[in-house]
>>> print(open('start-v2.txt').read())   # compact mmCIF, C-alpha atoms
# COMPACT_ATOMS: atom_id res chain seq x y z
CA MET A 6 106.88 -9.09 23.20
CA THR A 7 106.76 -5.67 24.79
CA GLU A 8 106.80 -5.39 28.51
CA MET A 9 104.10 -3.25 30.12
CA PRO A 10 105.49 -0.36 32.21
CA GLN A 11 105.02 -1.04 35.91
CA PRO A 12 104.04 1.67 38.40
CA PRO A 13 106.75 2.58 40.84
CA PRO A 14 106.65 0.70 44.13
CA GLY A 15 104.01 2.04 46.57
CA GLU A 16 102.00 3.66 43.77
CA GLN A 17 99.30 1.18 42.86
CA GLN A 18 96.95 1.86 39.99
CA ALA A 19 93.45 2.60 41.26
CA ASP A 20 90.91 -0.13 40.60
CA GLU A 21 87.93 0.88 38.51
CA GLY A 22 85.09 1.82 40.81
CA ALA A 23 87.33 2.43 43.78
CA PRO A 24 87.10 5.92 45.28
CA VAL A 25 89.69 8.30 43.91
CA PRO A 26 91.55 10.09 46.71
CA GLY A 27 90.60 13.76 46.81
CA ALA A 28 87.51 13.37 44.62
CA ALA A 29 84.07 14.40 45.95
CA PRO A 30 82.06 11.41 47.16
CA ALA A 31 79.24 10.31 44.84
CA PRO A 32 75.82 11.43 46.12
CA ALA A 33 73.60 8.80 47.69
CA PRO A 34 70.89 7.50 45.35
CA ALA A 35 68.13 9.08 47.45
CA ALA A 36 69.84 12.48 47.39
CA ALA A 37 70.41 12.19 43.66
CA SER A 38 66.76 11.42 42.93
CA SER A 39 65.69 14.27 45.19
CA ARG A 40 68.01 16.59 43.25
CA ILE A 41 66.59 15.30 39.96
CA ALA A 42 63.07 16.04 41.19
CA GLU A 43 64.14 19.57 42.20
CA LEU A 44 65.72 20.21 38.81
CA GLU A 45 62.68 18.84 36.98
CA ALA A 46 60.40 21.13 39.01
CA GLU A 47 62.67 24.08 38.22
CA LEU A 48 62.63 23.16 34.53
CA SER A 49 58.84 23.05 34.58
CA ARG A 50 58.76 26.49 36.18
CA LEU A 51 61.13 27.87 33.55
CA ARG A 52 59.03 26.32 30.78
CA SER A 53 55.94 27.87 32.34
CA ASP A 54 57.64 31.28 32.45
CA ALA A 55 58.77 30.94 28.85
CA VAL A 56 55.24 30.14 27.71
CA ALA A 57 53.66 32.85 29.83
CA GLY A 58 55.99 35.54 28.48
CA ALA A 59 56.71 38.81 30.24
CA LYS A 60 55.56 39.28 33.81
CA VAL A 61 54.54 42.22 35.92
CA LEU A 62 54.66 42.45 39.69
CA LEU A 63 51.35 43.11 41.38
CA ARG A 64 50.45 43.34 45.03
CA VAL A 65 47.18 43.70 46.92
CA ALA A 66 46.61 46.76 49.05
CA PRO A 67 45.06 46.49 52.53
CA PRO A 68 42.56 45.59 53.86
CA HIS A 69 42.72 42.67 51.42
CA VAL A 70 45.47 40.09 51.69
CA LEU A 71 44.82 37.95 48.62
CA PHE A 72 43.18 38.39 45.26
CA CYS A 73 42.47 35.55 42.80
CA HIS A 74 41.32 35.93 39.22
CA GLY A 75 41.68 33.79 36.11
CA GLY A 76 43.81 31.24 37.88
CA HIS A 77 46.32 33.80 39.15
CA THR A 78 46.69 34.73 42.79
CA VAL A 79 48.23 37.97 44.05
CA GLY A 80 49.26 38.49 47.65
CA THR A 81 50.46 41.44 49.70
CA ALA A 82 54.04 40.80 48.55
CA PRO A 83 54.85 41.66 44.93
CA THR A 84 53.65 38.68 42.93
CA PRO A 85 54.63 37.96 39.32
CA VAL A 86 51.65 37.77 36.97
CA PRO A 87 51.80 37.25 33.20
CA ALA A 88 51.66 40.67 31.57
CA ARG A 89 48.88 39.54 29.26
CA ALA A 90 46.71 38.76 32.32
CA ALA A 91 47.48 41.94 34.24
CA ALA A 92 44.90 44.18 32.59
CA ALA A 93 42.05 41.72 33.15
CA MET A 94 43.23 41.19 36.69
CA THR A 95 43.31 44.91 37.46
CA GLU A 96 39.88 45.38 35.92
CA ALA A 97 38.45 42.50 37.94
CA ALA A 98 40.04 43.90 41.09
CA ALA A 99 38.46 47.29 40.49
CA ALA A 100 35.07 45.62 39.99
CA ALA A 101 35.53 43.77 43.26
CA GLY A 102 36.61 46.85 45.20
CA VAL A 103 40.16 45.62 45.56
CA THR A 104 43.18 47.82 44.97
CA LEU A 105 46.10 46.32 43.10
CA HIS A 106 49.44 48.09 42.86
CA GLN A 107 51.97 47.42 40.14
CA GLU A 108 55.55 47.33 41.35
CA GLY A 109 58.60 48.45 39.42
CA MET B 140 39.67 -32.99 3.74
CA PRO B 141 40.28 -29.27 4.55
CA THR B 142 38.99 -28.03 7.90
CA LEU B 143 37.52 -24.67 8.74
CA THR B 144 38.92 -23.16 11.91
CA TYR B 145 37.49 -20.49 14.11
CA SER B 146 40.28 -18.77 16.02
CA PRO B 147 39.47 -15.37 17.47
CA PRO B 148 42.29 -13.16 18.74
CA SER B 149 42.88 -13.08 22.46
CA TYR B 150 41.91 -10.02 24.41
CA THR B 151 43.80 -8.26 27.20
CA THR B 152 41.84 -7.88 30.38
CA GLY B 153 44.62 -5.66 31.73
CA ASN B 154 43.62 -3.03 29.17
CA VAL B 155 40.15 -2.81 30.67
CA ILE B 156 40.63 0.19 32.87
CA TYR B 157 38.43 1.67 35.53
CA GLY B 158 39.01 4.17 38.28
CA THR B 159 38.57 7.83 39.06
CA GLY B 160 40.15 10.71 37.21
CA ILE B 161 41.85 13.58 38.96
CA LEU B 162 40.84 16.93 37.52
CA PHE B 163 43.22 19.89 37.69
CA THR B 164 42.75 23.39 36.30
CA ALA B 165 45.18 26.27 36.00
CA ALA B 166 45.71 29.59 34.32
CA THR B 167 46.40 29.10 30.62
CA GLY B 168 50.10 28.70 29.94
CA THR B 169 50.83 26.90 33.20
CA SER B 170 53.21 24.05 32.47
CA ALA B 171 52.68 20.46 33.51
CA PRO B 172 55.06 18.57 35.80
CA SER B 173 57.96 16.67 34.30
CA ASP B 174 57.16 13.25 32.85
CA ALA B 175 58.38 11.44 35.96
CA ASN B 176 56.05 13.50 38.14
CA LEU B 177 52.87 13.39 36.06
CA GLY B 178 51.29 11.04 38.58
CA VAL B 179 52.29 13.09 41.62
CA GLY B 180 49.51 15.34 42.87
CA THR B 181 51.80 17.75 44.69
CA ALA B 182 53.88 18.21 41.55
CA TRP B 183 50.78 19.62 39.85
CA THR B 184 49.65 21.81 42.73
CA GLY B 185 53.22 23.03 43.24
CA LEU B 186 53.16 24.47 39.74
CA GLY B 187 49.91 26.33 40.31
CA TRP B 188 47.36 23.73 39.23
CA ALA B 189 44.20 23.60 41.35
CA TYR B 190 42.59 20.27 42.18
CA VAL B 191 38.80 20.45 42.02
CA GLY B 192 38.47 17.86 44.76
CA ALA B 193 35.76 15.28 45.33
CA LEU B 194 33.18 14.66 42.63
CA LEU B 195 29.69 13.24 42.78
CA ASP B 196 30.03 10.78 39.91
CA GLY B 197 33.46 11.08 38.39
CA VAL B 198 34.63 12.86 35.28
CA THR B 199 33.18 12.40 31.81
CA VAL B 200 35.10 13.18 28.64
CA THR B 201 32.92 13.67 25.57
CA PHE B 202 34.17 13.96 22.01
CA ASN B 203 31.27 15.00 19.85
CA PRO B 204 32.09 15.67 16.20
CA SER B 205 29.40 16.52 13.71
CA THR B 206 30.08 15.46 10.17
CA GLN B 207 29.00 16.15 6.67
CA ASP B 208 28.75 13.27 4.21
CA ILE B 209 30.16 14.00 0.77
CA ASN B 210 27.85 12.24 -1.64
CA ILE B 211 27.78 11.63 -5.36
CA GLU B 212 24.89 10.54 -7.48
CA GLU B 213 26.70 7.52 -8.78
CA GLN B 214 26.97 5.70 -5.47
CA PRO B 215 24.66 5.34 -2.51
CA THR B 216 27.35 5.51 0.15
CA PRO B 217 29.31 8.72 0.79
CA VAL B 218 32.70 9.08 -0.86
CA GLY B 219 33.97 11.05 2.08
CA VAL B 220 33.04 12.38 5.49
CA ALA B 221 34.18 15.84 6.54
CA VAL B 222 34.13 17.14 10.09
CA THR B 223 32.09 20.31 10.34
CA THR B 224 32.41 20.90 14.08
CA ALA B 225 34.09 18.95 16.85
CA ASN B 226 33.47 19.54 20.51
CA LEU B 227 35.58 18.08 23.26
CA THR B 228 33.97 18.54 26.63
CA ILE B 229 34.89 17.54 30.16
CA THR B 230 32.02 17.39 32.60
CA ALA B 231 31.93 16.65 36.30
CA ASN B 232 29.75 17.35 39.29
CA MET B 233 31.90 18.99 41.92
CA SER B 234 31.01 18.01 45.46
CA GLU B 235 33.31 20.38 47.30
CA GLU B 236 31.73 23.78 47.80
CA THR B 237 34.61 26.22 47.76
CA LEU B 238 34.51 29.68 46.26
CA ALA B 239 37.18 28.57 43.78
CA ASN B 240 34.95 25.72 42.61
CA VAL B 241 31.86 27.91 42.48
CA ASN B 242 33.80 30.41 40.38
CA LEU B 243 35.10 27.66 38.10
CA ALA B 244 31.62 26.25 37.55
CA TRP B 245 30.21 29.70 36.88
CA GLY B 246 32.56 30.47 34.01
CA ASN B 247 35.83 31.11 35.83
CA ALA B 248 34.91 34.74 35.30
CA GLY B 249 34.77 36.04 38.84
CA SER B 250 37.43 37.04 41.30
CA ILE B 251 38.00 36.19 44.94
CA ALA B 252 39.19 38.82 47.37
CA VAL B 253 40.44 37.66 50.75
CA THR B 254 40.46 39.83 53.84
CA ALA B 255 42.32 38.57 56.88
CA ALA B 256 40.78 38.67 60.32
CA GLY B 257 41.82 41.72 62.31
CA ALA B 258 40.57 43.98 65.06
CA GLY B 259 36.86 44.38 64.41
CA GLN B 260 37.22 42.68 61.03
CA PRO B 261 36.23 39.05 60.60
CA GLY B 262 38.22 37.14 58.06
CA LYS B 263 36.32 36.74 54.83
CA SER B 264 36.56 35.73 51.19
CA VAL B 265 34.31 37.42 48.67
CA LEU B 266 33.60 36.02 45.22
CA THR B 267 32.60 38.80 42.83
CA LEU B 268 30.89 37.40 39.76
CA SER B 269 31.27 38.40 36.16
CA THR B 270 30.07 37.17 32.79
CA THR B 271 33.41 37.65 31.05
CA LEU B 272 34.24 33.96 30.73
CA THR B 273 37.93 33.32 31.20
CA GLU B 274 39.88 30.52 29.56
CA VAL B 275 41.56 27.99 31.75
CA ALA B 276 43.86 25.01 31.18
CA VAL B 277 42.72 21.57 32.27
CA ALA B 278 44.44 18.27 32.96
CA LEU B 279 42.74 14.97 33.70
CA VAL B 280 45.02 12.44 35.35
CA GLY B 281 44.12 8.77 35.62
CA LYS B 282 45.93 5.48 36.05
CA ASN B 283 46.62 3.69 32.78
CA ALA B 284 46.99 0.01 31.89
CA TYR B 285 50.66 0.09 32.92
CA GLY B 286 49.72 1.33 36.37
CA TYR B 287 51.23 4.76 35.69
CA ALA B 288 49.72 8.15 35.00
CA GLY B 289 47.74 8.82 31.83
CA VAL B 290 47.14 12.52 31.33
CA LEU B 291 44.70 14.30 29.04
CA GLN B 292 45.75 17.92 28.71
CA ILE B 293 43.69 20.66 27.08
CA PRO B 294 45.48 24.01 27.11
CA ASN B 295 42.38 26.16 26.62
CA VAL B 296 38.87 25.45 27.79
CA ILE B 297 35.95 27.65 28.77
CA SER B 298 33.63 26.73 31.57
CA ALA B 299 30.21 27.26 30.06
CA GLY B 300 27.39 25.09 31.22
CA GLN B 301 24.17 25.34 33.12
CA VAL B 302 24.88 25.21 36.82
CA GLN B 303 22.07 24.20 39.11
CA THR B 304 22.75 23.55 42.78
CA ALA B 305 20.14 22.24 45.17
CA TYR B 306 20.31 23.08 48.86
CA ARG B 307 18.76 20.03 50.50
CA ARG B 308 18.36 19.11 54.15
CA ALA B 309 19.54 15.54 53.78
CA ALA B 310 18.89 14.23 50.26
CA GLN B 311 22.20 15.18 48.74
CA GLN B 312 25.24 17.39 49.13
CA ARG B 313 25.41 20.65 47.21
CA VAL B 314 26.73 19.83 43.79
CA TYR B 315 28.26 22.23 41.27
CA PRO B 316 28.07 20.88 37.71
CA LEU B 317 31.15 21.74 35.68
CA THR B 318 31.21 21.81 31.87
CA LEU B 319 34.56 22.57 30.27
CA ASN B 320 34.47 23.10 26.51
CA SER B 321 37.75 23.02 24.62
CA VAL B 322 38.45 26.16 22.61
CA CYS B 323 41.88 25.37 21.21
CA ALA B 324 43.10 23.64 18.07
CA PHE B 325 42.76 19.89 18.33
CA SER B 326 46.46 19.51 17.62
CA LEU B 327 47.20 21.22 20.95
CA ILE B 328 45.31 18.60 22.94
CA THR B 329 47.45 15.70 24.12
CA TRP B 330 47.09 12.37 25.87
CA THR B 331 50.29 11.26 27.59
CA TYR B 332 50.67 7.70 28.82
CA LEU B 333 53.63 6.81 30.99
CA THR B 334 54.70 3.28 30.10
CA ALA B 335 57.92 2.57 32.01
CA PRO B 336 60.19 4.21 34.56
CA ALA B 337 63.39 5.89 33.43
CA THR B 338 66.27 3.45 33.12
CA SER B 339 68.58 5.30 35.50
>>> encode(input="start-v2.txt", output="structure tokens")
Amino acid sequence: MTEMPQPPPGEQQADEGAPVPGAAPAPAPAAASSRIAELEAELSRLRSDAVAGAKVLLRVAPPHVLFCHGGHTVGTAPTPVPARAAAAMTEAAAAAGVTLHQEG
Amino acid sequence: MPTLTYSPPSYTTGNVIYGTGILFTAATGTSAPSDANLGVGTAWTGLGWAYVGALLDGVTVTFNPSTQDINIEEQPTPVGVAVTTANLTITANMSEETLANVNLAWGNAGSIAVTAAGAGQPGKSVLTLSTTLTEVAVALVGKNAYGYAGVLQIPNVISAGQVQTAYRRAAQQRVYPLTLNSVCAFSLITWTYLTAPATS
């Protein structure tokens, strides 16, 4: 019968499940689920971007502060809009007397 | 002596579902929330979906195929039935009068320009109409037999229906009828039923 090697005195083997000294503490369940929700939302956004394709940055010129067309909304800050929707958006803006600027 | 039994199958009352549907629309190509968040309203609106709000009498989903019987002389019943056209339509009577809803009911063709209030300038929103109907994505969220979200998603619909709104003193609120006709391949339309939470 072979004898199992014993750890040197004072150096106990860590129990399974016991915190390992120096390791980062496991996140609380609530924090973990919140993080999962954040990552899922980010994934959805990335999927949306992938489907929508290339984007252009548009912004509304004063005196207007917001312009909505075809489900897209452009504000005074440069706002990403799917490139395929930009032409229709610009045309609709011109028809409505709104000036849109393309950035970059 | 043999006996004759009558033993009908049992039915499931839990599968008899009722309750309102939540109607969201968005620009085509907008993605849906993750599976776990399909029943969370803010998860939809956070991704750019617009909630149409209160409705007069709920949402109606209509599947209306027209078919052509394939007949032969040798038999009185058709040997096949082919679908010639198939319309999937979502209709609702929107009770919330917002310019976004008016625009959606009137073909989603217009645009809304917002001007902030300033010195000598009242704040205003102007809907400019158009007849260039614009496609939109639609999602109808309801509670299924499991008590979770059941989602009908149509990636491309066009709002094209007669819209008649009565301005009445007291008889009824102003209602904006909405008719969304699907204009995408049927294979792109999905029903998703959540059946159980994730295991971890």
>>> residues_around(input="start-v2.txt", residues="B:Thr228", least_positions_apart="3", cutoff="8 Å", atoms="only C-alpha atoms", output="PyMOL selection string")
chain B and resi 200-202+318-321
>>> closest_atom_pairs(input="start-v2.txt", of="chain B", to="chain A", cutoff="10 Å", atoms="all atoms listed in the file", output="Markdown table")
| residue | atom | partner | partner_atom | distance |
| --- | --- | --- | --- | --- |
| B:Thr164 | CA | A:Gly76 | CA | 8.1 |
| B:Ala165 | CA | A:Gly76 | CA | 5.5 |
| B:Ala166 | CA | A:Gly76 | CA | 4.4 |
| B:Thr167 | CA | A:Gly76 | CA | 8.0 |
| B:Gly168 | CA | A:Ala57 | CA | 5.5 |
| B:Thr169 | CA | A:Ser53 | CA | 5.3 |
| B:Ser170 | CA | A:Ser53 | CA | 4.7 |
| B:Ala171 | CA | A:Ser49 | CA | 6.8 |
| B:Pro172 | CA | A:Ser49 | CA | 6.0 |
| B:Ser173 | CA | A:Glu45 | CA | 5.8 |
| B:Asp174 | CA | A:Glu45 | CA | 8.9 |
| B:Ala175 | CA | A:Ala42 | CA | 8.4 |
| B:Asn176 | CA | A:Ala42 | CA | 8.1 |
| B:Ala182 | CA | A:Ala46 | CA | 7.6 |
| B:Trp183 | CA | A:Ala46 | CA | 9.8 |
| B:Gly185 | CA | A:Ala46 | CA | 8.5 |
| B:Leu186 | CA | A:Arg50 | CA | 6.9 |
| B:Gly187 | CA | A:Gly76 | CA | 8.2 |
| B:Trp188 | CA | A:Gly76 | CA | 8.4 |
| B:Ala189 | CA | A:Gly76 | CA | 8.4 |
| B:Ala239 | CA | A:Cys73 | CA | 8.8 |
| B:Asn242 | CA | A:His74 | CA | 9.4 |
| B:Leu243 | CA | A:Gly75 | CA | 9.2 |
| B:Gly246 | CA | A:Gly75 | CA | 9.9 |
| B:Asn247 | CA | A:Gly75 | CA | 6.4 |
| B:Ala248 | CA | A:Gly75 | CA | 6.9 |
| B:Gly249 | CA | A:His74 | CA | 6.6 |
| B:Ser250 | CA | A:His74 | CA | 4.5 |
| B:Ile251 | CA | A:Cys73 | CA | 5.0 |
| B:Ala252 | CA | A:Phe72 | CA | 4.5 |
| B:Val253 | CA | A:Leu71 | CA | 4.9 |
| B:Thr254 | CA | A:His69 | CA | 4.4 |
| B:Ala255 | CA | A:Val70 | CA | 6.3 |
| B:Ala256 | CA | A:Pro68 | CA | 9.6 |
| B:Gly257 | CA | A:Pro68 | CA | 9.3 |
| B:Gln260 | CA | A:Pro68 | CA | 9.4 |
| B:Gly262 | CA | A:His69 | CA | 9.7 |
| B:Lys263 | CA | A:His69 | CA | 9.4 |
| B:Ser264 | CA | A:Leu71 | CA | 8.9 |
| B:Val265 | CA | A:Ala101 | CA | 8.4 |
| B:Leu266 | CA | A:Ala101 | CA | 8.2 |
| B:Thr267 | CA | A:Ala101 | CA | 5.8 |
| B:Leu268 | CA | A:Ala101 | CA | 8.6 |
| B:Ser269 | CA | A:Ala97 | CA | 8.5 |
| B:Thr271 | CA | A:Ala93 | CA | 9.8 |
| B:Leu272 | CA | A:Gly75 | CA | 9.2 |
| B:Thr273 | CA | A:Gly75 | CA | 6.2 |
| B:Glu274 | CA | A:Gly75 | CA | 7.5 |
| B:Val275 | CA | A:Gly75 | CA | 7.3 |
| B:Ala276 | CA | A:Gly76 | CA | 9.1 |
| B:Ser339 | CA | A:Ser38 | CA | 9.8 |
>>> atom_distance(input="start-v2.txt", atom1="atom CA of B:Ala284", atom2="atom CA of B:Leu333")
9.5 Å
>>> residues_around(input="start-v2.txt", residues="stretch 216-220 of chain B", least_positions_apart="4", cutoff="12 Å", atoms="only C-alpha atoms", output="PyMOL selection string")
chain B and resi 204-212
>>> closest_residue(input="start-v2.txt", among="A:Ala91, A:Ala33, A:Val86, A:Ala99", to="A:Ala66", atoms="all atoms listed in the file")
A:Ala99
>>> atom_distance(input="start-v2.txt", atom1="atom CA of B:Thr151", atom2="atom CA of B:Gly286")
14.5 Å
>>> atom_distance(input="start-v2.txt", atom1="atom CA of B:Val296", atom2="atom CA of B:Leu194")
19.2 Å
>>> closest_residue(input="start-v2.txt", among="B:Gln301, B:Ala225, B:Val241, B:Tyr285", to="B:Ala324", atoms="all atoms listed in the file")
B:Ala225
>>> closest_residue(input="start-v2.txt", among="B:Glu235, B:Thr230, B:Ala221, B:Ile161", to="B:Tyr190", atoms="all atoms listed in the file")
B:Ile161
>>> build_atoms(input="start-v2.txt", residues="stretch 194-218 of chain B", atoms="N, CA and C atoms", output="JSON list (two decimals), in the frame of the given file")
[["chain", "number", "residue", "atom", "x", "y", "z"],
["B", 194, "LEU", "N", 34.23, 14.53, 43.65],
["B", 194, "LEU", "CA", 33.18, 14.66, 42.63],
["B", 194, "LEU", "C", 32.03, 13.73, 42.97],
["B", 195, "LEU", "N", 30.86, 14.08, 42.49],
["B", 195, "LEU", "CA", 29.69, 13.24, 42.78],
["B", 195, "LEU", "C", 29.76, 11.92, 42.02],
["B", 196, "ASP", "N", 30.08, 11.99, 40.74],
["B", 196, "ASP", "CA", 30.03, 10.78, 39.91],
["B", 196, "ASP", "C", 31.14, 10.75, 38.86],
["B", 197, "GLY", "N", 32.31, 11.18, 39.26],
["B", 197, "GLY", "CA", 33.46, 11.08, 38.39],
["B", 197, "GLY", "C", 33.50, 12.14, 37.30],
["B", 198, "VAL", "N", 34.41, 11.92, 36.38],
["B", 198, "VAL", "CA", 34.63, 12.86, 35.28],
["B", 198, "VAL", "C", 34.20, 12.18, 33.98],
["B", 199, "THR", "N", 33.56, 12.94, 33.11],
["B", 199, "THR", "CA", 33.18, 12.40, 31.81],
["B", 199, "THR", "C", 33.84, 13.22, 30.70],
["B", 200, "VAL", "N", 34.49, 12.53, 29.79],
["B", 200, "VAL", "CA", 35.10, 13.18, 28.64],
["B", 200, "VAL", "C", 34.24, 12.85, 27.42],
["B", 201, "THR", "N", 33.81, 13.89, 26.72],
["B", 201, "THR", "CA", 32.92, 13.67, 25.57],
["B", 201, "THR", "C", 33.53, 14.30, 24.32],
["B", 202, "PHE", "N", 33.75, 13.47, 23.32],
["B", 202, "PHE", "CA", 34.17, 13.96, 22.01],
["B", 202, "PHE", "C", 32.97, 13.86, 21.09],
["B", 203, "ASN", "N", 32.54, 14.98, 20.59],
["B", 203, "ASN", "CA", 31.27, 15.00, 19.85],
["B", 203, "ASN", "C", 31.45, 15.72, 18.52],
["B", 204, "PRO", "N", 31.96, 15.01, 17.50],
["B", 204, "PRO", "CA", 32.09, 15.67, 16.20],
["B", 204, "PRO", "C", 30.78, 15.61, 15.44],
["B", 205, "SER", "N", 30.51, 16.63, 14.66],
["B", 205, "SER", "CA", 29.40, 16.52, 13.71],
["B", 205, "SER", "C", 30.02, 16.51, 12.33],
["B", 206, "THR", "N", 29.43, 15.71, 11.46],
["B", 206, "THR", "CA", 30.08, 15.46, 10.17],
["B", 206, "THR", "C", 29.15, 15.74, 9.01],
["B", 207, "GLN", "N", 29.75, 15.93, 7.90],
["B", 207, "GLN", "CA", 29.00, 16.15, 6.67],
["B", 207, "GLN", "C", 29.42, 15.06, 5.68],
["B", 208, "ASP", "N", 28.45, 14.27, 5.23],
["B", 208, "ASP", "CA", 28.75, 13.27, 4.21],
["B", 208, "ASP", "C", 28.95, 13.95, 2.86],
["B", 209, "ILE", "N", 29.93, 13.51, 2.12],
["B", 209, "ILE", "CA", 30.16, 14.00, 0.77],
["B", 209, "ILE", "C", 29.62, 12.93, -0.17],
["B", 210, "ASN", "N", 28.54, 13.24, -0.83],
["B", 210, "ASN", "CA", 27.85, 12.24, -1.64],
["B", 210, "ASN", "C", 27.99, 12.53, -3.14],
["B", 211, "ILE", "N", 27.88, 11.48, -3.91],
["B", 211, "ILE", "CA", 27.78, 11.63, -5.36],
["B", 211, "ILE", "C", 26.57, 10.83, -5.83],
["B", 212, "GLU", "N", 26.07, 11.20, -6.96],
["B", 212, "GLU", "CA", 24.89, 10.54, -7.48],
["B", 212, "GLU", "C", 25.16, 9.08, -7.82],
["B", 213, "GLU", "N", 26.40, 8.83, -8.21],
["B", 213, "GLU", "CA", 26.70, 7.52, -8.78],
["B", 213, "GLU", "C", 26.80, 6.41, -7.73],
["B", 214, "GLN", "N", 26.87, 6.78, -6.46],
["B", 214, "GLN", "CA", 26.97, 5.70, -5.47],
["B", 214, "GLN", "C", 26.17, 6.06, -4.24],
["B", 215, "PRO", "N", 25.56, 5.05, -3.64],
["B", 215, "PRO", "CA", 24.66, 5.34, -2.51],
["B", 215, "PRO", "C", 25.40, 5.67, -1.21],
["B", 216, "THR", "N", 26.61, 5.21, -1.08],
["B", 216, "THR", "CA", 27.35, 5.51, 0.15],
["B", 216, "THR", "C", 28.22, 6.74, -0.08],
["B", 217, "PRO", "N", 28.51, 7.51, 0.98],
["B", 217, "PRO", "CA", 29.31, 8.72, 0.79],
["B", 217, "PRO", "C", 30.73, 8.38, 0.31],
["B", 218, "VAL", "N", 31.32, 9.29, -0.44],
["B", 218, "VAL", "CA", 32.70, 9.08, -0.86],
["B", 218, "VAL", "C", 33.67, 9.69, 0.15]]
